[in-house]
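Have a look at model.csv; it's CSV, C-alpha atoms and all ligand atoms:
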chain,number,residue,atom,x,y,z
V,132,MET,CA,15.1,-5.1,11.1
V,133,GLU,CA,12.1,-2.8,11.6
V,134,LEU,CA,11.6,-0.3,8.8
V,135,LEU,CA,8.4,1.3,9.8
V,136,ASN,CA,6.9,1.9,13.3
V,137,VAL,CA,3.4,3.4,13.7
V,138,ASP,CA,1.5,4.1,16.9
V,139,ILE,CA,-1.6,6.2,16.3
V,140,ASN,CA,-3.7,7.3,19.3
V,141,GLN,CA,-6.3,8.9,17.0
V,142,ALA,CA,-6.5,10.4,13.6
V,143,GLY,CA,-9.2,11.8,11.3
V,144,TYR,CA,-10.6,14.7,9.3
V,145,SER,CA,-11.9,18.1,10.4
V,146,GLY,CA,-15.3,17.5,11.9
V,147,ASN,CA,-14.5,13.8,12.3
V,148,PRO,CA,-11.2,13.8,14.4
V,149,ALA,CA,-11.2,10.2,15.7
V,150,VAL,CA,-12.0,8.1,12.6
V,151,ILE,CA,-9.3,5.7,13.7
V,152,LYS,CA,-8.2,5.0,17.3
V,153,ASN,CA,-5.3,3.0,18.8
V,154,VAL,CA,-3.7,1.7,15.6
V,155,ALA,CA,-0.2,0.3,16.1
V,156,LEU,CA,1.8,-1.6,13.5
V,157,SER,CA,5.3,-2.2,12.3
V,158,VAL,CA,6.8,-3.5,9.1
V,159,LYS,CA,10.1,-5.3,9.1
V,160,SER,CA,12.6,-5.9,6.3
V,161,GLY,CA,11.1,-8.5,3.8
V,162,GLU,CA,7.7,-8.4,5.3
V,163,LEU,CA,4.4,-7.8,3.5
V,164,VAL,CA,1.8,-6.7,6.1
V,165,GLY,CA,-1.7,-6.8,4.8
V,166,LEU,CA,-4.1,-4.2,6.2
V,167,ILE,CA,-7.6,-5.7,5.8
V,168,GLY,CA,-11.1,-4.9,6.9
V,169,PRO,CA,-14.6,-4.0,5.5
V,170,ASN,CA,-15.6,-0.8,3.8
V,171,GLY,CA,-15.3,2.1,6.1
V,172,ALA,CA,-13.1,0.3,8.6
V,173,GLY,CA,-10.4,3.0,8.4
V,174,LYS,CA,-7.7,1.3,6.2
V,175,SER,CA,-7.2,4.2,3.9
V,176,THR,CA,-7.4,6.7,6.8
V,177,THR,CA,-4.6,4.7,8.5
V,178,ILE,CA,-2.5,4.9,5.4
V,179,LYS,CA,-3.1,8.6,5.0
V,180,ALA,CA,-2.2,9.1,8.6
V,181,ILE,CA,1.1,7.3,8.1
V,182,MET,CA,1.8,9.4,5.0
V,183,GLY,CA,1.1,12.7,6.9
V,184,LEU,CA,-1.9,13.5,4.7
V,185,LEU,CA,-4.5,14.0,7.4
V,186,PRO,CA,-5.5,17.3,9.0
V,187,LEU,CA,-5.8,15.6,12.4
V,188,MET,CA,-3.3,13.1,13.7
V,189,ASP,CA,-2.2,12.3,17.2
V,190,GLY,CA,0.4,9.6,17.1
V,191,MET,CA,3.9,8.6,16.0
V,192,VAL,CA,5.2,7.4,12.7
V,193,GLU,CA,8.8,6.4,12.3
V,194,PHE,CA,10.6,5.3,9.2
V,195,ALA,CA,13.7,3.5,10.3
V,196,GLY,CA,16.3,1.4,8.5
V,197,GLU,CA,19.3,2.5,6.4
V,198,SER,CA,17.6,4.5,3.7
V,199,LYS,CA,14.5,5.7,5.6
V,200,ASN,CA,12.8,6.3,2.3
V,201,TYR,CA,9.4,5.1,1.2
V,202,ALA,CA,7.1,5.0,-1.8
V,203,TYR,CA,3.4,5.6,-1.4
V,204,ILE,CA,1.3,4.1,-4.1
V,205,PRO,CA,-2.2,5.6,-3.8
V,206,GLU,CA,-5.4,4.0,-4.7
V,207,GLN,CA,-6.3,7.0,-7.0
V,208,PRO,CA,-3.6,7.8,-9.4
V,209,VAL,CA,-2.0,11.2,-9.0
V,210,LEU,CA,-1.1,12.5,-12.5
V,211,TYR,CA,0.1,15.8,-13.8
V,212,GLU,CA,-1.8,17.3,-16.7
V,213,GLY,CA,0.5,18.1,-19.6
V,214,LEU,CA,3.4,15.8,-18.5
V,215,THR,CA,4.1,12.7,-20.5
V,216,LEU,CA,4.6,9.3,-18.8
V,217,TRP,CA,8.4,9.6,-19.3
V,218,GLU,CA,8.3,13.2,-17.8
V,219,HIS,CA,6.4,11.8,-14.8
V,220,LEU,CA,9.3,9.4,-14.3
V,221,GLU,CA,11.9,12.1,-14.8
V,222,LEU,CA,10.1,14.3,-12.2
V,223,ALA,CA,10.1,11.5,-9.6
V,224,ALA,CA,13.8,10.8,-10.4
V,225,ALA,CA,14.7,14.5,-9.9
V,226,ALA,CA,12.6,14.8,-6.7
V,227,TYR,CA,14.4,11.7,-5.2
V,228,GLU,CA,17.8,12.6,-6.7
V,229,ILE,CA,18.2,9.3,-8.6
V,230,GLU,CA,21.2,9.5,-10.8
V,231,ARG,CA,20.5,9.4,-14.5
V,232,LYS,CA,22.7,6.4,-15.1
V,233,VAL,CA,20.6,4.5,-12.5
V,234,PHE,CA,17.3,6.1,-13.5
V,235,VAL,CA,17.2,5.5,-17.3
V,236,PRO,CA,17.8,1.7,-17.3
V,237,ARG,CA,15.6,1.1,-14.3
V,238,ALA,CA,12.8,3.2,-15.9
V,239,GLU,CA,13.1,1.4,-19.2
V,240,GLU,CA,13.0,-2.0,-17.5
V,241,LEU,CA,9.9,-1.1,-15.5
V,242,LEU,CA,8.1,0.3,-18.5
V,243,LYS,CA,8.8,-2.9,-20.4
V,244,LEU,CA,7.7,-5.0,-17.5
V,245,PHE,CA,4.4,-3.2,-17.2
V,246,ARG,CA,3.9,-3.0,-21.0
V,247,LEU,CA,4.0,0.8,-21.1
V,248,ALA,CA,7.1,1.3,-23.2
V,249,GLU,CA,5.2,2.1,-26.3
V,250,VAL,CA,3.2,4.9,-24.6
V,251,LYS,CA,6.0,6.5,-22.7
V,252,HIS,CA,5.8,9.7,-24.6
V,253,HIS,CA,2.0,9.9,-24.3
V,254,LEU,CA,0.0,11.8,-21.6
V,255,PRO,CA,-1.2,9.4,-18.8
V,256,GLY,CA,-4.4,11.4,-18.5
V,257,THR,CA,-5.5,9.6,-21.7
V,258,PHE,CA,-4.7,6.1,-20.3
V,259,SER,CA,-7.2,3.5,-19.1
V,260,LYS,CA,-7.7,3.2,-15.3
V,261,GLY,CA,-5.4,0.1,-15.1
V,262,MET,CA,-2.7,1.8,-17.2
V,263,GLN,CA,-2.8,4.8,-14.9
V,264,GLN,CA,-2.5,2.6,-11.9
V,265,LYS,CA,0.6,0.9,-13.5
V,266,VAL,CA,2.1,4.4,-13.9
V,267,MET,CA,1.9,4.8,-10.1
V,268,LEU,CA,3.5,1.3,-9.7
V,269,VAL,CA,6.3,2.2,-12.0
V,270,VAL,CA,7.0,5.5,-10.2
V,271,GLY,CA,6.9,3.6,-6.8
V,272,PHE,CA,9.3,0.9,-8.0
V,273,LEU,CA,11.6,3.5,-9.6
V,274,LEU,CA,12.3,4.9,-6.2
V,275,ASP,CA,13.6,1.5,-5.0
V,276,PRO,CA,12.4,2.4,-1.5
V,277,GLY,CA,12.9,0.8,1.9
V,278,VAL,CA,9.2,0.7,2.5
V,279,PHE,CA,6.3,0.5,0.1
V,280,VAL,CA,2.9,1.8,1.3
V,281,VAL,CA,0.3,0.6,-1.1
V,282,ASP,CA,-3.4,1.4,-1.0
V,283,GLU,CA,-5.6,-1.2,-2.8
V,284,PRO,CA,-3.4,-2.0,-5.8
V,285,PHE,CA,-5.5,-4.8,-7.4
V,286,MET,CA,-8.8,-3.2,-8.4
V,287,GLY,CA,-7.7,-1.8,-11.8
V,288,LEU,CA,-5.0,-4.3,-12.7
V,289,ASP,CA,-5.6,-7.2,-15.2
V,290,PRO,CA,-4.4,-10.7,-14.2
V,291,ARG,CA,-1.1,-10.2,-15.9
V,292,GLY,CA,-0.5,-6.8,-14.4
V,293,THR,CA,-1.3,-8.3,-10.9
V,294,LYS,CA,1.2,-11.1,-11.5
V,295,ASP,CA,3.9,-8.7,-12.7
V,296,PHE,CA,3.3,-6.4,-9.9
V,297,LEU,CA,3.6,-9.2,-7.3
V,298,ALA,CA,6.7,-10.7,-8.8
V,299,TYR,CA,8.4,-7.3,-8.8
V,300,LEU,CA,7.3,-6.6,-5.2
V,301,ASN,CA,8.7,-10.0,-4.1
V,302,GLN,CA,12.0,-9.1,-5.7
V,303,ALA,CA,12.0,-5.9,-3.7
V,304,ARG,CA,11.2,-7.8,-0.5
V,305,ALA,CA,14.0,-10.3,-1.2
V,306,LYS,CA,16.4,-7.3,-1.4
V,307,GLY,CA,15.1,-6.2,2.0
V,308,SER,CA,12.2,-3.8,1.4
V,309,GLY,CA,9.1,-4.0,3.6
V,310,VAL,CA,5.5,-3.5,2.4
V,311,LEU,CA,2.3,-2.3,4.0
V,312,MET,CA,-0.6,-3.0,1.7
V,313,CYS,CA,-4.3,-2.4,2.2
V,314,THR,CA,-6.6,-4.6,0.1
V,315,HIS,CA,-10.1,-6.2,-0.1
V,316,ILE,CA,-8.9,-9.1,-2.2
V,317,LEU,CA,-8.6,-11.6,0.6
V,318,ASP,CA,-7.6,-14.7,-1.4
V,319,THR,CA,-4.6,-12.8,-2.9
V,320,ALA,CA,-3.8,-11.3,0.5
V,321,GLU,CA,-3.9,-14.8,2.0
V,322,ARG,CA,-1.4,-16.0,-0.6
V,323,ILE,CA,1.1,-13.1,-0.5
V,324,CYS,CA,1.1,-11.5,3.0
V,325,SER,CA,3.4,-12.5,5.8
V,326,SER,CA,1.0,-11.1,8.4
V,327,PHE,CA,-2.3,-9.3,8.7
V,328,ILE,CA,-3.9,-6.5,10.5
V,329,LEU,CA,-7.7,-6.7,10.6
V,330,MET,CA,-9.4,-3.4,11.2
V,331,ASN,CA,-13.1,-2.7,11.9
V,332,ALA,CA,-14.9,0.5,13.0
V,333,GLY,CA,-11.6,2.4,13.1
V,334,THR,CA,-9.5,0.1,15.2
V,335,VAL,CA,-7.5,-3.1,15.1
V,336,VAL,CA,-9.5,-6.2,15.9
V,337,ALA,CA,-7.0,-8.9,15.2
V,338,ARG,CA,-3.4,-9.2,14.0
V,339,GLY,CA,-0.8,-11.9,13.2
V,340,ASP,CA,0.1,-14.4,10.6
V,341,LEU,CA,-2.5,-16.8,9.1
V,342,LYS,CA,-1.8,-19.4,11.8
V,343,GLU,CA,-2.3,-16.9,14.6
V,344,ILE,CA,-5.5,-15.5,13.0
V,345,ARG,CA,-6.8,-19.1,12.6
V,346,GLU,CA,-6.1,-19.9,16.2
V,347,ARG,CA,-7.7,-16.6,17.3
V,348,CYS,CA,-11.0,-17.5,15.7
V,349,GLN,CA,-10.7,-21.3,16.1
V,350,LEU,CA,-10.8,-22.1,12.4
V,351,PRO,CA,-7.7,-24.3,12.0
V,352,GLU,CA,-8.3,-24.8,8.3
V,353,GLY,CA,-10.1,-21.6,7.6
V,354,SER,CA,-9.3,-19.3,4.8
V,355,LEU,CA,-8.5,-15.7,5.6
V,356,ALA,CA,-12.0,-14.8,4.3
V,357,ASP,CA,-13.6,-17.3,6.7
V,358,CYS,CA,-11.5,-16.0,9.6
V,359,PHE,CA,-12.4,-12.4,8.6
V,360,ASP,CA,-16.1,-13.1,8.7
V,361,LYS,CA,-15.9,-14.9,12.0
V,362,LEU,CA,-13.8,-12.2,13.7
V,363,LEU,CA,-16.2,-9.5,12.6
V,364,GLU,CA,-19.2,-11.6,13.7
V,365,ILE,CA,-18.0,-12.1,17.2
V,366,ARG,CA,-17.5,-8.5,17.8
M,1,LIG,N1,-12.4,13.1,3.7
M,1,LIG,C1,-13.1,12.6,4.7
M,1,LIG,N2,-13.7,13.4,5.6
M,1,LIG,C2,-14.5,12.9,6.6
M,1,LIG,N3,-14.6,11.5,6.9
M,1,LIG,C3,-14.0,10.7,6.0
M,1,LIG,C4,-13.2,11.2,4.9
M,1,LIG,N4,-12.7,10.1,4.3
M,1,LIG,C5,-13.1,9.0,4.9
M,1,LIG,N5,-13.9,9.4,6.0
M,1,LIG,C6,-14.6,8.5,7.0
M,1,LIG,O1,-13.6,7.7,7.6
M,1,LIG,C7,-14.1,6.3,7.8
M,1,LIG,C8,-13.1,5.3,7.3
M,1,LIG,O2,-12.9,5.5,5.9
M,1,LIG,P1,-11.7,4.8,5.1
M,1,LIG,O3,-11.7,5.4,3.8
M,1,LIG,O4,-10.5,4.9,5.9
M,1,LIG,O5,-12.2,3.3,5.1
M,1,LIG,P2,-11.5,2.1,4.3
M,1,LIG,O6,-11.4,1.0,5.3
M,1,LIG,O7,-10.3,2.5,3.6
M,1,LIG,O8,-12.8,1.7,3.4
M,1,LIG,P3,-12.9,1.2,1.9
M,1,LIG,O9,-12.6,-0.3,2.0
M,1,LIG,O10,-14.3,1.4,1.6
M,1,LIG,O11,-11.9,1.9,1.1
M,1,LIG,C9,-15.5,6.3,7.1
M,1,LIG,O12,-16.5,6.3,8.0
M,1,LIG,C10,-15.5,7.5,6.2
M,1,LIG,O13,-16.8,8.0,6.1

Take the structure I supplied and represent it as structure tokens, if you would.
Amino acid sequence: MELLNVDINQAGYSGNPAVIKNVALSVKSGELVGLIGPNGAGKSTTIKAIMGLLPLMDGMVEFAGESKNYAYIPEQPVLYEGLTLWEHLELAAAAYEIERKVFVPRAEELLKLFRLAEVKHHLPGTFSKGMQQKVMLVVGFLLDPGVFVVDEPFMGLDPRGTKDFLAYLNQARAKGSGVLMCTHILDTAERICSSFILMNAGTVVARGDLKEIRERCQLPEGSLADCFDKLLEIR
């Protein structure tokens, strides 16, 4: 079942209206689609276009499926000054109308999983970068969405945080959620993604699962990183 359908003709910023062109993708239930590409390829711009955060966007974005809801986990944490971690979670629960009897145990479980239970009444503005990122993950998972849209989650996370994040994400996929994730960490992407979209210079240069990507660049045993290098070279 398709949960997200995107077909962007072009999108960008004022003064730079066509940073990305002809980007089409879809995410199905249970899938983890990896959006990969070098610095400046247009990955974050694609994600912002999908989230409706760009001033200029000519294209279609459709969230389908039963719930039609999604969680956007941004690369840069968005935190409210003056609100404690727990208050951030309460705010998200109120905004998404999550019942208290569902919210409280789920929030407690997530705080424990990400080792934030002891600081739940502290201000996230005082947290380390990785802890702030975990706050974003907890808020995202709290919403129990149909689709996760995740922008570079691995940079600030320690190995255990990464492991816990991926385990929880897999649980959500097993329950039917789909994920679109942009990342530079190609060995992790190779291990976890069901398919890939490789972007360069604002457009899609290759797509498919690892087998298809390997065939495309004639590297039958190649790693995703090898394929990535070869595909960018031949262009
Ligand atoms: N706010 C902005 N205003 C104008 N141009 C921008 C803005 N943000 C990004 N761009 C331009 O859009 C292009 C794509 O940037 P984008 O952030 O989407 O790349 P990316 O693939 O996510 O790169 P990275 O891996 O470095 O995060 C770049 O050329 C960049 O200069």

- Item | Which of V:Tyr144, V:Phe327, V:Phe272, V:Phe258 sits closest to Pro208 in chain V [using all atoms listed in the file] | V:Phe258

Any chance you could tabulate, as a Markdown table, the residues of chain V at most 10 Å from ligand LIG 1 (chain M) with each one's nearest atom pair and distance in Å to one decimal, using only C-alpha atoms and all ligand atoms, in chain and rising number order?
| residue | atom | partner | partner_atom | distance |
| --- | --- | --- | --- | --- |
| V:Ala142 | CA | M:LIG1 | O1 | 9.7 |
| V:Gly143 | CA | M:LIG1 | N3 | 7.0 |
| V:Tyr144 | CA | M:LIG1 | N2 | 5.0 |
| V:Ser145 | CA | M:LIG1 | C2 | 6.9 |
| V:Gly146 | CA | M:LIG1 | C2 | 7.1 |
| V:Asn147 | CA | M:LIG1 | C2 | 5.8 |
| V:Pro148 | CA | M:LIG1 | C2 | 8.5 |
| V:Ala149 | CA | M:LIG1 | O1 | 8.8 |
| V:Val150 | CA | M:LIG1 | O1 | 5.3 |
| V:Ile151 | CA | M:LIG1 | C8 | 7.5 |
| V:Leu166 | CA | M:LIG1 | O6 | 9.0 |
| V:Ile167 | CA | M:LIG1 | O6 | 7.7 |
| V:Gly168 | CA | M:LIG1 | O6 | 6.1 |
| V:Pro169 | CA | M:LIG1 | O9 | 5.5 |
| V:Asn170 | CA | M:LIG1 | O10 | 3.4 |
| V:Gly171 | CA | M:LIG1 | O5 | 3.5 |
| V:Ala172 | CA | M:LIG1 | O6 | 3.8 |
| V:Gly173 | CA | M:LIG1 | O4 | 3.1 |
| V:Lys174 | CA | M:LIG1 | O6 | 3.8 |
| V:Ser175 | CA | M:LIG1 | O7 | 3.5 |
| V:Thr176 | CA | M:LIG1 | O4 | 3.7 |
| V:Thr177 | CA | M:LIG1 | O4 | 6.5 |
| V:Ile178 | CA | M:LIG1 | O4 | 8.0 |
| V:Lys179 | CA | M:LIG1 | O4 | 8.3 |
| V:Ala180 | CA | M:LIG1 | O4 | 9.7 |
| V:Leu185 | CA | M:LIG1 | N1 | 8.8 |
| V:Pro186 | CA | M:LIG1 | N1 | 9.7 |
| V:Glu206 | CA | M:LIG1 | O11 | 9.0 |
| V:Asp282 | CA | M:LIG1 | O7 | 8.4 |
| V:Glu283 | CA | M:LIG1 | O11 | 8.0 |
| V:Cys313 | CA | M:LIG1 | O7 | 7.9 |
| V:Thr314 | CA | M:LIG1 | O9 | 7.6 |
| V:His315 | CA | M:LIG1 | O9 | 6.7 |
| V:Met330 | CA | M:LIG1 | O6 | 7.6 |
| V:Asn331 | CA | M:LIG1 | O6 | 7.8 |
| V:Ala332 | CA | M:LIG1 | C8 | 7.7 |
| V:Gly333 | CA | M:LIG1 | C8 | 6.7 |

Can those selected residues be exported to a file as a compact mmCIF listing (two decimals), in the frame of the given file so that it contains C-alpha atoms?
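Result file is part15.txt:
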# COMPACT_ATOMS: atom_id res chain seq x y z
CA ALA V 142 -6.50 10.40 13.60
CA GLY V 143 -9.20 11.80 11.30
CA TYR V 144 -10.60 14.70 9.30
CA SER V 145 -11.90 18.10 10.40
CA GLY V 146 -15.30 17.50 11.90
CA ASN V 147 -14.50 13.80 12.30
CA PRO V 148 -11.20 13.80 14.40
CA ALA V 149 -11.20 10.20 15.70
CA VAL V 150 -12.00 8.10 12.60
CA ILE V 151 -9.30 5.70 13.70
CA LEU V 166 -4.10 -4.20 6.20
CA ILE V 167 -7.60 -5.70 5.80
CA GLY V 168 -11.10 -4.90 6.90
CA PRO V 169 -14.60 -4.00 5.50
CA ASN V 170 -15.60 -0.80 3.80
CA GLY V 171 -15.30 2.10 6.10
CA ALA V 172 -13.10 0.30 8.60
CA GLY V 173 -10.40 3.00 8.40
CA LYS V 174 -7.70 1.30 6.20
CA SER V 175 -7.20 4.20 3.90
CA THR V 176 -7.40 6.70 6.80
CA THR V 177 -4.60 4.70 8.50
CA ILE V 178 -2.50 4.90 5.40
CA LYS V 179 -3.10 8.60 5.00
CA ALA V 180 -2.20 9.10 8.60
CA LEU V 185 -4.50 14.00 7.40
CA PRO V 186 -5.50 17.30 9.00
CA GLU V 206 -5.40 4.00 -4.70
CA ASP V 282 -3.40 1.40 -1.00
CA GLU V 283 -5.60 -1.20 -2.80
CA CYS V 313 -4.30 -2.40 2.20
CA THR V 314 -6.60 -4.60 0.10
CA HIS V 315 -10.10 -6.20 -0.10
CA MET V 330 -9.40 -3.40 11.20
CA ASN V 331 -13.10 -2.70 11.90
CA ALA V 332 -14.90 0.50 13.00
CA GLY V 333 -11.60 2.40 13.10

- Task: For CA of Glu221 in chain V and CA of Lys159 in chain V, quote the distance in Å rounded to one decimal.
- Result: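 Separating CA of Glu221 in chain V from CA of Lys159 in chain V is a distance of 29.6 Å.
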
- Closest to Leu244 in chain V among V:Leu134, V:Leu355, V:Leu268, V:Ala202, using only C-alpha atoms?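 Under the stated criterion, the closest residue is V:Leu268.
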
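Considering the residues V:Leu362, V:Val335, V:Leu214, V:Leu350 and counting all atoms listed in the file, Asp138 in chain V has its shortest atom-to-atom contact with V:Val335.
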
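Those DNA, RNA and protein residues that approach the point (17.1, -0.9, -11.0) to within 10 Å, considering only C-alpha atoms, are Val233, Phe234, Val235, Pro236, Arg237, Ala238, Glu239, Glu240, Leu241, Phe272, Leu273, Leu274 and Asp275 of chain V.
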
Output the selection as a PDB file, keeping the file's coordinate frame - C-alpha atoms for each residue.
ATOM      1  CA  VAL V 233      20.600   4.500 -12.500  1.00  0.00           C
ATOM      2  CA  PHE V 234      17.300   6.100 -13.500  1.00  0.00           C
ATOM      3  CA  VAL V 235      17.200   5.500 -17.300  1.00  0.00           C
ATOM      4  CA  PRO V 236      17.800   1.700 -17.300  1.00  0.00           C
ATOM      5  CA  ARG V 237      15.600   1.100 -14.300  1.00  0.00           C
ATOM      6  CA  ALA V 238      12.800   3.200 -15.900  1.00  0.00           C
ATOM      7  CA  GLU V 239      13.100   1.400 -19.200  1.00  0.00           C
ATOM      8  CA  GLU V 240      13.000  -2.000 -17.500  1.00  0.00           C
ATOM      9  CA  LEU V 241       9.900  -1.100 -15.500  1.00  0.00           C
ATOM     10  CA  PHE V 272       9.300   0.900  -8.000  1.00  0.00           C
ATOM     11  CA  LEU V 273      11.600   3.500  -9.600  1.00  0.00           C
ATOM     12  CA  LEU V 274      12.300   4.900  -6.200  1.00  0.00           C
ATOM     13  CA  ASP V 275      13.600   1.500  -5.000  1.00  0.00           C
TER      14      ASP V 275
END

- Which of these, V:Val209, V:Tyr299, V:Gly339, V:Ala195, has the shortest distance to Lys260 in chain V once you count all atoms listed in the file?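 Answer, going by the shortest atom-to-atom distance: V:Val209.
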
For the interface of range 147-168 of chain V with range 305-309 of chain V (cut-off 8 Å, counting all atoms listed in the file), please tabulate each contacting residue of range 147-168 of chain V alongside its nearest pair of atoms and their separation in Å to one decimal, rows sorted by chain and increasing number, as CSV.
residue,atom,partner,partner_atom,distance
V:Val158,CA,V:Gly309,CA,6.0
V:Lys159,CA,V:Gly309,CA,5.7
V:Ser160,CA,V:Gly309,CA,4.8
V:Gly161,CA,V:Gly309,CA,4.9
V:Glu162,CA,V:Gly309,CA,4.9
V:Leu163,CA,V:Gly309,CA,6.0

Atom completion result for range 315-339 of chain V (N, CA and C atoms) as a CSV table (one decimal), keeping the file's coordinate frame:
chain,number,residue,atom,x,y,z
V,315,HIS,N,-8.8,-5.4,-0.3
V,315,HIS,CA,-10.1,-6.2,-0.1
V,315,HIS,C,-10.0,-7.6,-0.7
V,316,ILE,N,-8.9,-7.8,-1.5
V,316,ILE,CA,-8.9,-9.1,-2.2
V,316,ILE,C,-8.2,-10.1,-1.3
V,317,LEU,N,-9.1,-10.8,-0.5
V,317,LEU,CA,-8.6,-11.6,0.6
V,317,LEU,C,-7.9,-12.8,0.1
V,318,ASP,N,-8.3,-13.4,-1.0
V,318,ASP,CA,-7.6,-14.7,-1.4
V,318,ASP,C,-6.2,-14.3,-1.9
V,319,THR,N,-6.0,-13.2,-2.5
V,319,THR,CA,-4.6,-12.8,-2.9
V,319,THR,C,-3.9,-12.4,-1.6
V,320,ALA,N,-4.5,-11.7,-0.7
V,320,ALA,CA,-3.8,-11.3,0.5
V,320,ALA,C,-3.3,-12.6,1.3
V,321,GLU,N,-4.2,-13.6,1.3
V,321,GLU,CA,-3.9,-14.8,2.0
V,321,GLU,C,-2.6,-15.4,1.4
V,322,ARG,N,-2.5,-15.4,0.1
V,322,ARG,CA,-1.4,-16.0,-0.6
V,322,ARG,C,-0.1,-15.2,-0.4
V,323,ILE,N,-0.2,-13.9,-0.4
V,323,ILE,CA,1.1,-13.1,-0.5
V,323,ILE,C,1.6,-12.5,0.8
V,324,CYS,N,0.7,-12.3,1.8
V,324,CYS,CA,1.1,-11.5,3.0
V,324,CYS,C,1.8,-12.3,4.0
V,325,SER,N,2.7,-11.8,4.7
V,325,SER,CA,3.4,-12.5,5.8
V,325,SER,C,2.6,-12.3,7.1
V,326,SER,N,1.9,-11.2,7.2
V,326,SER,CA,1.0,-11.1,8.4
V,326,SER,C,-0.1,-10.1,8.0
V,327,PHE,N,-1.1,-10.1,8.9
V,327,PHE,CA,-2.3,-9.3,8.7
V,327,PHE,C,-2.7,-8.4,9.8
V,328,ILE,N,-3.3,-7.3,9.5
V,328,ILE,CA,-3.9,-6.5,10.5
V,328,ILE,C,-5.3,-6.3,10.1
V,329,LEU,N,-6.2,-6.8,10.9
V,329,LEU,CA,-7.7,-6.7,10.6
V,329,LEU,C,-8.2,-5.5,11.3
V,330,MET,N,-8.8,-4.6,10.6
V,330,MET,CA,-9.4,-3.4,11.2
V,330,MET,C,-10.9,-3.5,11.0
V,331,ASN,N,-11.6,-2.9,12.0
V,331,ASN,CA,-13.1,-2.7,11.9
V,331,ASN,C,-13.4,-1.5,12.7
V,332,ALA,N,-14.4,-0.7,12.2
V,332,ALA,CA,-14.9,0.5,13.0
V,332,ALA,C,-13.7,1.3,13.5
V,333,GLY,N,-12.7,1.5,12.7
V,333,GLY,CA,-11.6,2.4,13.1
V,333,GLY,C,-10.6,1.9,14.0
V,334,THR,N,-10.6,0.6,14.3
V,334,THR,CA,-9.5,0.1,15.2
V,334,THR,C,-9.1,-1.3,14.8
V,335,VAL,N,-8.0,-1.8,15.4
V,335,VAL,CA,-7.5,-3.1,15.1
V,335,VAL,C,-8.2,-4.2,15.9
V,336,VAL,N,-8.8,-5.1,15.2
V,336,VAL,CA,-9.5,-6.2,15.9
V,336,VAL,C,-8.7,-7.5,16.0
V,337,ALA,N,-7.8,-7.7,15.1
V,337,ALA,CA,-7.0,-8.9,15.2
V,337,ALA,C,-5.7,-8.7,14.4
V,338,ARG,N,-4.6,-9.4,14.8
V,338,ARG,CA,-3.4,-9.2,14.0
V,338,ARG,C,-2.6,-10.5,14.1
V,339,GLY,N,-1.7,-10.7,13.2
V,339,GLY,CA,-0.8,-11.9,13.2
V,339,GLY,C,-0.7,-12.6,11.9
